[in-house]
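**Student:** This is input.cif, which holds mmCIF, C-alpha atoms:
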data_upload
#
loop_
_atom_site.label_atom_id
_atom_site.label_comp_id
_atom_site.auth_asym_id
_atom_site.auth_seq_id
_atom_site.Cartn_x
_atom_site.Cartn_y
_atom_site.Cartn_z
CA MET A 1105 -23.22 198.41 70.54
CA GLN A 1106 -21.67 195.13 71.26
CA THR A 1107 -18.11 194.72 72.24
CA VAL A 1108 -16.42 191.54 71.23
CA MET A 1109 -13.18 190.58 73.06
CA ALA A 1110 -11.04 188.00 71.41
CA THR A 1111 -8.48 186.15 73.35
CA ARG A 1112 -5.53 184.95 71.35
CA ALA A 1113 -3.79 181.97 72.78
CA PRO A 1114 -0.02 182.17 72.92
CA VAL A 1115 1.75 180.31 70.23
CA VAL A 1116 4.18 177.74 71.56
CA ARG A 1117 6.86 176.76 69.13
CA MET A 1118 8.38 173.38 69.73
CA THR A 1119 11.90 173.00 68.47
CA THR A 1120 13.93 169.89 68.71
CA GLN A 1121 17.58 170.35 69.36
CA ALA A 1122 20.25 167.76 69.78
CA SER A 1123 21.59 167.44 73.28
CA ARG A 1124 24.87 169.20 73.62
CA PRO A 1125 27.70 167.76 75.69
CA ARG A 1126 28.62 169.71 78.75
CA ASN A 1127 32.30 169.35 78.24
CA PRO A 1128 33.27 170.74 74.83
CA SER A 1129 36.67 169.09 75.01
CA HIS A 1130 35.10 165.69 74.34
CA VAL A 1131 33.08 166.69 71.26
CA VAL A 1132 33.03 163.97 68.64
CA ARG A 1133 32.55 165.26 65.12
CA ALA A 1134 31.39 163.10 62.24
CA ALA A 1135 32.36 163.80 58.66
CA SER A 1136 31.04 162.00 55.56
CA ASP A 1137 33.09 161.34 52.48
CA ASP A 1138 31.94 160.83 48.94
CA ASN A 1139 31.35 157.11 49.43
CA GLY A 1140 28.91 157.75 52.26
CA SER A 1141 31.14 156.35 54.97
CA THR A 1142 31.37 158.32 58.17
CA ALA A 1143 34.73 159.06 59.80
CA VAL A 1144 34.73 160.01 63.44
CA LYS A 1145 37.22 162.67 64.50
CA GLU A 1146 37.98 163.27 68.13
CA ARG A 1147 39.21 166.57 69.43
CA LYS A 1148 42.81 166.70 70.58
CA PRO A 1149 43.30 166.55 74.36
CA SER A 1150 43.72 169.85 76.09
CA PRO A 1151 47.09 170.94 77.55
CA LEU A 1152 45.69 170.28 81.02
CA GLU A 1153 44.84 166.72 80.04
CA ARG A 1154 48.28 166.22 78.54
CA GLY A 1155 49.86 167.30 81.84
CA GLY A 1156 51.44 170.48 80.54
CA THR A 1157 52.16 172.38 77.38
CA LEU A 1158 55.95 172.30 77.30
CA SER A 1159 58.61 169.77 78.08
CA GLY A 1160 62.36 169.62 78.07
CA ALA A 1161 64.37 172.83 77.87
CA ALA A 1162 61.27 174.81 76.82
CA ALA A 1163 59.65 174.08 80.20
CA ALA A 1164 62.27 176.23 81.95
CA GLY A 1165 60.66 179.40 80.62
CA LYS A 1166 61.23 182.03 78.02
CA ASP A 1167 64.02 183.98 79.73
CA ALA A 1168 65.61 181.12 81.68
CA SER A 1169 69.37 180.83 81.84
CA ASP A 1170 71.33 178.05 80.20
CA LYS A 1171 71.80 176.39 83.58
CA PHE A 1172 68.07 176.04 84.26
CA LYS A 1173 67.38 174.98 80.68
CA ALA A 1174 69.92 172.18 81.07
CA MET A 1175 68.38 171.15 84.39
CA ALA A 1176 64.88 171.07 82.85
CA ALA A 1177 66.19 168.92 80.00
CA GLY A 1178 67.69 166.48 82.50
CA GLU A 1179 71.28 167.31 81.73
CA GLN A 1180 74.02 167.57 84.33
CA ALA A 1181 75.17 171.08 85.13
CA ALA A 1182 78.57 171.78 83.68
CA GLY A 1183 81.28 173.33 85.79
CA PRO A 1184 83.53 172.51 88.72
CA VAL A 1185 82.40 170.16 91.48
CA MET A 1186 81.25 172.01 94.58
CA MET A 1187 80.17 170.74 98.00
CA ILE A 1188 79.30 167.09 97.42
CA THR A 1189 80.02 163.80 99.16
CA GLU A 1190 80.99 161.03 96.77
CA ASP A 1191 81.93 157.49 97.78
CA GLY A 1192 82.19 158.57 101.41
CA LYS A 1193 84.55 161.45 100.61
CA PHE A 1194 84.17 165.21 100.47
CA ARG A 1195 84.64 166.72 97.02
CA ASP A 1196 85.07 170.37 96.09
CA TYR A 1197 87.27 171.97 93.46
CA ARG A 1198 88.50 174.45 96.10
CA TRP A 1199 89.49 171.65 98.49
CA ALA A 1200 92.95 170.14 98.07
CA ASP A 1201 95.06 167.97 100.40
CA GLY A 1202 92.56 168.27 103.23
CA ARG A 1203 92.40 172.05 103.26
CA TRP A 1204 91.01 175.01 101.35
CA ASP A 1205 93.22 176.07 98.50
CA LEU A 1206 93.65 179.77 99.25
CA SER A 1207 95.36 180.31 95.91
CA LYS A 1208 92.02 179.96 94.10
CA SER A 1209 90.55 183.13 92.64
CA VAL A 1210 87.34 182.68 94.64
CA PHE A 1211 89.37 183.26 97.81
CA LYS A 1212 91.05 186.41 96.49
CA GLN A 1213 89.95 190.02 96.71
CA ALA A 1214 90.43 192.60 93.98
CA ASP A 1215 93.74 193.70 95.52
CA GLY A 1216 95.04 190.11 95.67
CA GLU A 1217 94.59 189.68 99.43
CA THR A 1218 92.82 186.64 100.86
CA ASP A 1219 89.06 187.01 101.21
CA TRP A 1220 88.62 185.51 104.65
CA ASP A 1221 84.85 185.98 104.52
CA ALA A 1222 84.75 183.60 101.55
CA VAL A 1223 86.88 181.11 103.47
CA ILE A 1224 84.54 181.32 106.46
CA ASP A 1225 81.51 180.82 104.20
CA ALA A 1226 83.09 177.78 102.55
CA GLU A 1227 84.04 176.19 105.87
CA MET A 1228 80.58 176.80 107.31
CA ALA A 1229 78.97 175.22 104.23
CA ARG A 1230 81.34 172.22 104.44
CA ARG A 1231 80.54 171.58 108.08
CA LYS A 1232 76.82 171.94 107.45
CA LEU A 1233 77.07 169.41 104.61
CA LEU A 1234 78.96 166.93 106.77
CA GLU A 1235 76.46 167.47 109.57
CA ASP A 1236 73.57 166.54 107.26
CA THR A 1237 75.44 163.71 105.49
CA PRO A 1238 78.20 162.38 107.78
CA ILE A 1239 81.16 160.56 106.24
CA PRO A 1240 83.84 158.48 107.97
CA CYS A 1241 87.25 159.95 108.81
CA THR A 1242 90.15 158.16 107.19
CA ASN A 1243 93.91 158.46 107.40
CA GLU A 1244 94.11 158.44 103.62
CA GLU A 1245 92.42 161.85 103.38
CA PRO A 1246 92.96 163.69 106.69
CA VAL A 1247 91.49 167.15 107.27
CA ASN A 1248 94.43 169.52 107.67
CA PHE A 1249 92.47 172.77 107.69
CA ASP A 1250 92.03 174.46 111.06
CA THR A 1251 89.84 177.47 111.75
CA SER A 1252 92.67 178.97 113.81
CA GLU A 1253 94.36 179.78 110.51
CA ILE A 1254 91.76 182.49 109.97
CA PRO A 1255 92.96 185.75 111.59
CA TRP A 1256 91.21 186.89 114.74
CA TRP A 1257 90.24 190.22 113.21
CA ALA A 1258 88.34 188.39 110.45
CA TRP A 1259 86.18 186.70 113.08
CA VAL A 1260 85.62 190.00 114.89
CA ARG A 1261 84.65 191.81 111.70
CA ARG A 1262 82.38 189.01 110.55
CA PHE A 1263 80.50 188.16 113.75
CA HIS A 1264 81.34 190.41 116.70
CA LEU A 1265 81.06 193.86 115.14
CA PRO A 1266 77.51 193.35 113.78
CA GLU A 1267 76.47 191.87 117.11
CA ALA A 1268 78.06 194.75 119.04
CA GLU A 1269 76.29 197.31 116.86
CA LYS A 1270 72.96 195.62 117.49
CA LEU A 1271 73.52 195.45 121.24
CA ASN A 1272 74.59 199.11 121.38
CA GLY A 1273 71.40 200.13 119.62
CA ARG A 1274 69.25 198.13 122.02
CA ALA A 1275 71.10 199.51 125.05
CA ALA A 1276 70.63 203.07 123.80
CA MET A 1277 66.89 202.64 123.32
CA LEU A 1278 66.40 200.85 126.63
CA GLY A 1279 68.60 203.35 128.47
CA TYR A 1280 66.58 206.26 127.09
CA VAL A 1281 63.34 204.70 128.35
CA LEU A 1282 64.83 204.01 131.79
CA ALA A 1283 66.20 207.58 131.98
CA ILE A 1284 62.73 208.99 131.37
CA PHE A 1285 61.32 206.65 134.02
CA VAL A 1286 63.90 207.75 136.60
CA ASP A 1287 63.32 211.40 135.66
CA LYS A 1288 59.60 211.06 136.29
CA LEU A 1289 60.16 209.11 139.49
CA SER A 1290 62.85 211.27 141.13
CA GLY A 1291 62.86 214.50 139.11
CA ALA A 1292 66.57 214.13 138.35
CA GLY A 1293 67.77 214.97 134.85
CA LEU A 1294 70.08 212.91 132.69
CA ILE A 1295 73.25 214.41 134.17
CA ASP A 1296 72.00 214.19 137.75
CA GLN A 1297 71.11 210.55 137.28
CA GLN A 1298 74.78 209.66 136.87
CA GLU A 1299 75.33 210.61 140.52
CA SER A 1300 72.11 209.13 141.91
CA PHE A 1301 71.52 205.60 143.12
CA LEU A 1302 68.50 205.03 140.89
CA GLY A 1303 70.40 206.28 137.86
CA LYS A 1304 73.32 203.91 138.42
CA LEU A 1305 70.94 201.05 139.16
CA ALA A 1306 69.00 201.67 135.95
CA LEU A 1307 72.28 201.86 133.99
CA HIS A 1308 73.44 198.48 135.28
CA ILE A 1309 70.03 196.91 134.64
CA CYS A 1310 70.12 198.20 131.09
CA VAL A 1311 73.65 196.99 130.31
CA PHE A 1312 73.41 193.56 131.91
CA GLY A 1313 69.88 192.99 130.64
CA VAL A 1314 70.95 193.61 127.04
CA LEU A 1315 74.03 191.40 127.38
CA ILE A 1316 72.19 188.49 128.99
CA VAL A 1317 69.00 188.55 126.93
CA ARG A 1318 70.02 189.18 123.33
CA ASN A 1319 66.97 187.58 121.76
CA VAL A 1320 63.85 185.65 122.71
CA ALA A 1321 65.67 182.32 122.46
CA ASP A 1322 67.99 183.39 125.30
CA ILE A 1323 65.01 183.50 127.65
CA ASP A 1324 64.29 179.85 126.92
CA SER A 1325 67.98 179.04 127.42
CA ILE A 1326 67.94 180.69 130.84
CA LYS A 1327 64.81 178.75 131.79
CA ASN A 1328 66.45 175.50 130.71
CA LEU A 1329 69.56 176.38 132.71
CA ILE A 1330 67.47 176.97 135.82
CA ASP A 1331 65.64 173.68 135.29
CA GLU A 1332 68.93 171.80 134.93
CA ALA A 1333 70.34 173.45 138.07
CA THR A 1334 67.32 172.40 140.16
CA PHE A 1335 66.61 169.07 138.46
CA TYR A 1336 68.61 166.87 140.84
CA ASP A 1337 67.25 168.65 143.89
CA LYS A 1338 63.70 168.03 142.66
CA GLN A 1339 64.55 164.43 141.89
CA TRP A 1340 66.05 163.94 145.36
CA SER A 1341 63.03 165.48 147.03
CA ALA A 1342 60.69 163.30 144.96
CA THR A 1343 62.34 160.13 146.32
CA TRP A 1344 61.24 161.06 149.86
CA GLU A 1345 57.58 161.66 149.06
CA ASN A 1346 55.28 159.70 151.39
CA THR A 1347 58.38 158.51 153.22
CA THR A 1348 59.72 159.51 156.61
CA ARG A 1349 63.25 160.77 156.33
CA PRO A 1350 65.76 159.46 158.85
CA ASP A 1351 67.05 161.82 161.45
CA GLU A 1352 70.39 163.28 160.29
CA SER A 1353 71.64 163.46 163.90
CA ASP A 1354 71.56 159.68 164.21
#
What is this file in structure tokens?
**Tutor:**
Amino acid sequence: MQTVMATRAPVVRMTTQASRPRNPSHVVRAASDDNGSTAVKERKPSPLERGGTLSGAAAAGKDASDKFKAMAAGEQAAGPVMMITEDGKFRDYRWADGRWDLSKSVFKQADGETDWDAVIDAEMARRKLLEDTPIPCTNEEPVNFDTSEIPWWAWVRRFHLPEAEKLNGRAAMLGYVLAIFVDKLSGAGLIDQQESFLGKLALHICVFGVLIVRNVADIDSIKNLIDEATFYDKQWSATWENTTRPDESD
């Protein structure tokens, strides 16, 4: 019995395909009309190629306010003039005759009293603007507003009370840590520490430490103060380097 093994060669099908462009956005399509002429149609540029999809007021977004739509369209924002310098002069609709017009509604509370916090905010913004863009002082438009017109209690409520609350919290936390340290060191409790030397010393360290060093920037300020206090002594000593000083008794 004879076994015959037939080997079938693999069939290779050769197909010819037109080279396809890598970037489909630049596909050029050809269309033939009845006369046989070929018209070439190019694909429209993509939004990325055009530099964006929207322009004008539509570029501000779907839920944008009228103000931002006007800004996107290149229009000037409508409303009163606020915090600008024009022709070397300060302009603000709340500013009249060189002072803040306290009769404006923006400076009034619900009960009709003056909102001194709003006055402080406006004055701070005005001074910051003039610091960034200085303008000359003229006798034609003198500044008649003085911060001393703001009551002292408004300054205390605005700046000192928040600072005092922060310092009290720091002193309480630091004092608690120092009290535990003194308790472990001497065995005296919180009440006994008030009569002991270590307790009074820790109390003074806590209070003065919190008052002197309120934040990290104060440490740099203290270093700069020390450098300024010793600068002239260092400079004087540097002048006598490699030089024999005269005898002061002569």
**Student:** Could you check which of A:Lys1208, A:Gln1213, A:Val1286, A:Ala1226 is closest to A:Ser1300, using all atoms listed in the file?
**Tutor:**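 Distance minimum relative to A:Ser1300 lands on A:Val1286.
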**Student:** Smallest atom-to-atom distance to A:Leu1234: which of A:Glu1190, A:Asp1287, A:Glu1332, A:Asp1337, using all atoms listed in the file?
**Tutor:** A:Glu1190
**Student:** Please determine, counting all atoms listed in the file, which residue among A:Phe1335, A:Asn1319, A:Lys1148, A:Gly1202 has the shortest atom-to-atom distance to A:Thr1242.
**Tutor:** A:Gly1202
**Student:** Could you write out as a PDB file with C-alpha atoms, keeping the file's coordinate frame the residues that the PyMOL selection byres ((chain A and resi 1246-1249) around 7) matches in the shown file?
**Tutor:**
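Writing done, so here's result_4.pdb:
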ATOM      1  CA  GLY A1202      92.560 168.270 103.230  1.00  0.00           C
ATOM      2  CA  ARG A1203      92.400 172.050 103.260  1.00  0.00           C
ATOM      3  CA  TRP A1204      91.010 175.010 101.350  1.00  0.00           C
ATOM      4  CA  THR A1242      90.150 158.160 107.190  1.00  0.00           C
ATOM      5  CA  ASN A1243      93.910 158.460 107.400  1.00  0.00           C
ATOM      6  CA  GLU A1244      94.110 158.440 103.620  1.00  0.00           C
ATOM      7  CA  GLU A1245      92.420 161.850 103.380  1.00  0.00           C
ATOM      8  CA  ASP A1250      92.030 174.460 111.060  1.00  0.00           C
ATOM      9  CA  THR A1251      89.840 177.470 111.750  1.00  0.00           C
TER      10      THR A1251
END
**Student:** Select all residues near (86.1, 161.2, 104.8) (cut-off 7 Å, inclusive, file coordinates), counting all atoms listed in the file, and output them as a list in words.
**Tutor:**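 The answer, in the requested form, is Gly1192, Lys1193, Phe1194, Ile1239, Pro1240, Cys1241, Thr1242 and Glu1245 of chain A.
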**Student:** Record the distance separating atom CA of A:Trp1199 and atom CA of A:Leu1233, expressed in Å with one decimal.
**Tutor:** 14.0 Å
**Student:** What does the structure give for the distance between atom CA of A:Ala1268 and atom CA of A:Asp1219, in Å to one decimal?
**Tutor:**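 Separation between atom CA of A:Ala1268 and atom CA of A:Asp1219: 22.3 Å.
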**Student:** Can you measure atom CA of A:Phe1301 to atom CA of A:Gly1279 for me? One decimal in Å is fine.
**Tutor:**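 Result for atom CA of A:Phe1301 versus atom CA of A:Gly1279: 15.1 Å, one decimal.
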**Student:** Using all atoms listed in the file, find the one residue out of A:Asp1196, A:Lys1304, A:Val1223, A:Arg1231 that sits nearest to A:Pro1255.
**Tutor:**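 Looking at the shortest contact to A:Pro1255, the residue is A:Val1223.
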**Student:** Measuring between only C-alpha atoms, which one of A:Ile1326, A:Ala1258, A:Ala1283, A:Ala1229 shows the shortest distance to A:Leu1305?
**Tutor:**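 Using only C-alpha atoms, the shortest distance to A:Leu1305 belongs to A:Ala1283.
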**Student:** Give me the residues near A:Trp1220 as a PDB file with C-alpha atoms, in the frame of the given file, where near means some atom within 9 Å (using all atoms listed in the file) and where sequence neighbours in that chain fewer than 5 positions away do not count.
**Tutor:**
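Generated output (result_33.pdb):
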ATOM      1  CA  PHE A1211      89.370 183.260  97.810  1.00  0.00           C
ATOM      2  CA  LYS A1212      91.050 186.410  96.490  1.00  0.00           C
ATOM      3  CA  ASP A1225      81.510 180.820 104.200  1.00  0.00           C
ATOM      4  CA  ILE A1254      91.760 182.490 109.970  1.00  0.00           C
ATOM      5  CA  PRO A1255      92.960 185.750 111.590  1.00  0.00           C
ATOM      6  CA  ALA A1258      88.340 188.390 110.450  1.00  0.00           C
ATOM      7  CA  TRP A1259      86.180 186.700 113.080  1.00  0.00           C
TER       8      TRP A1259
END
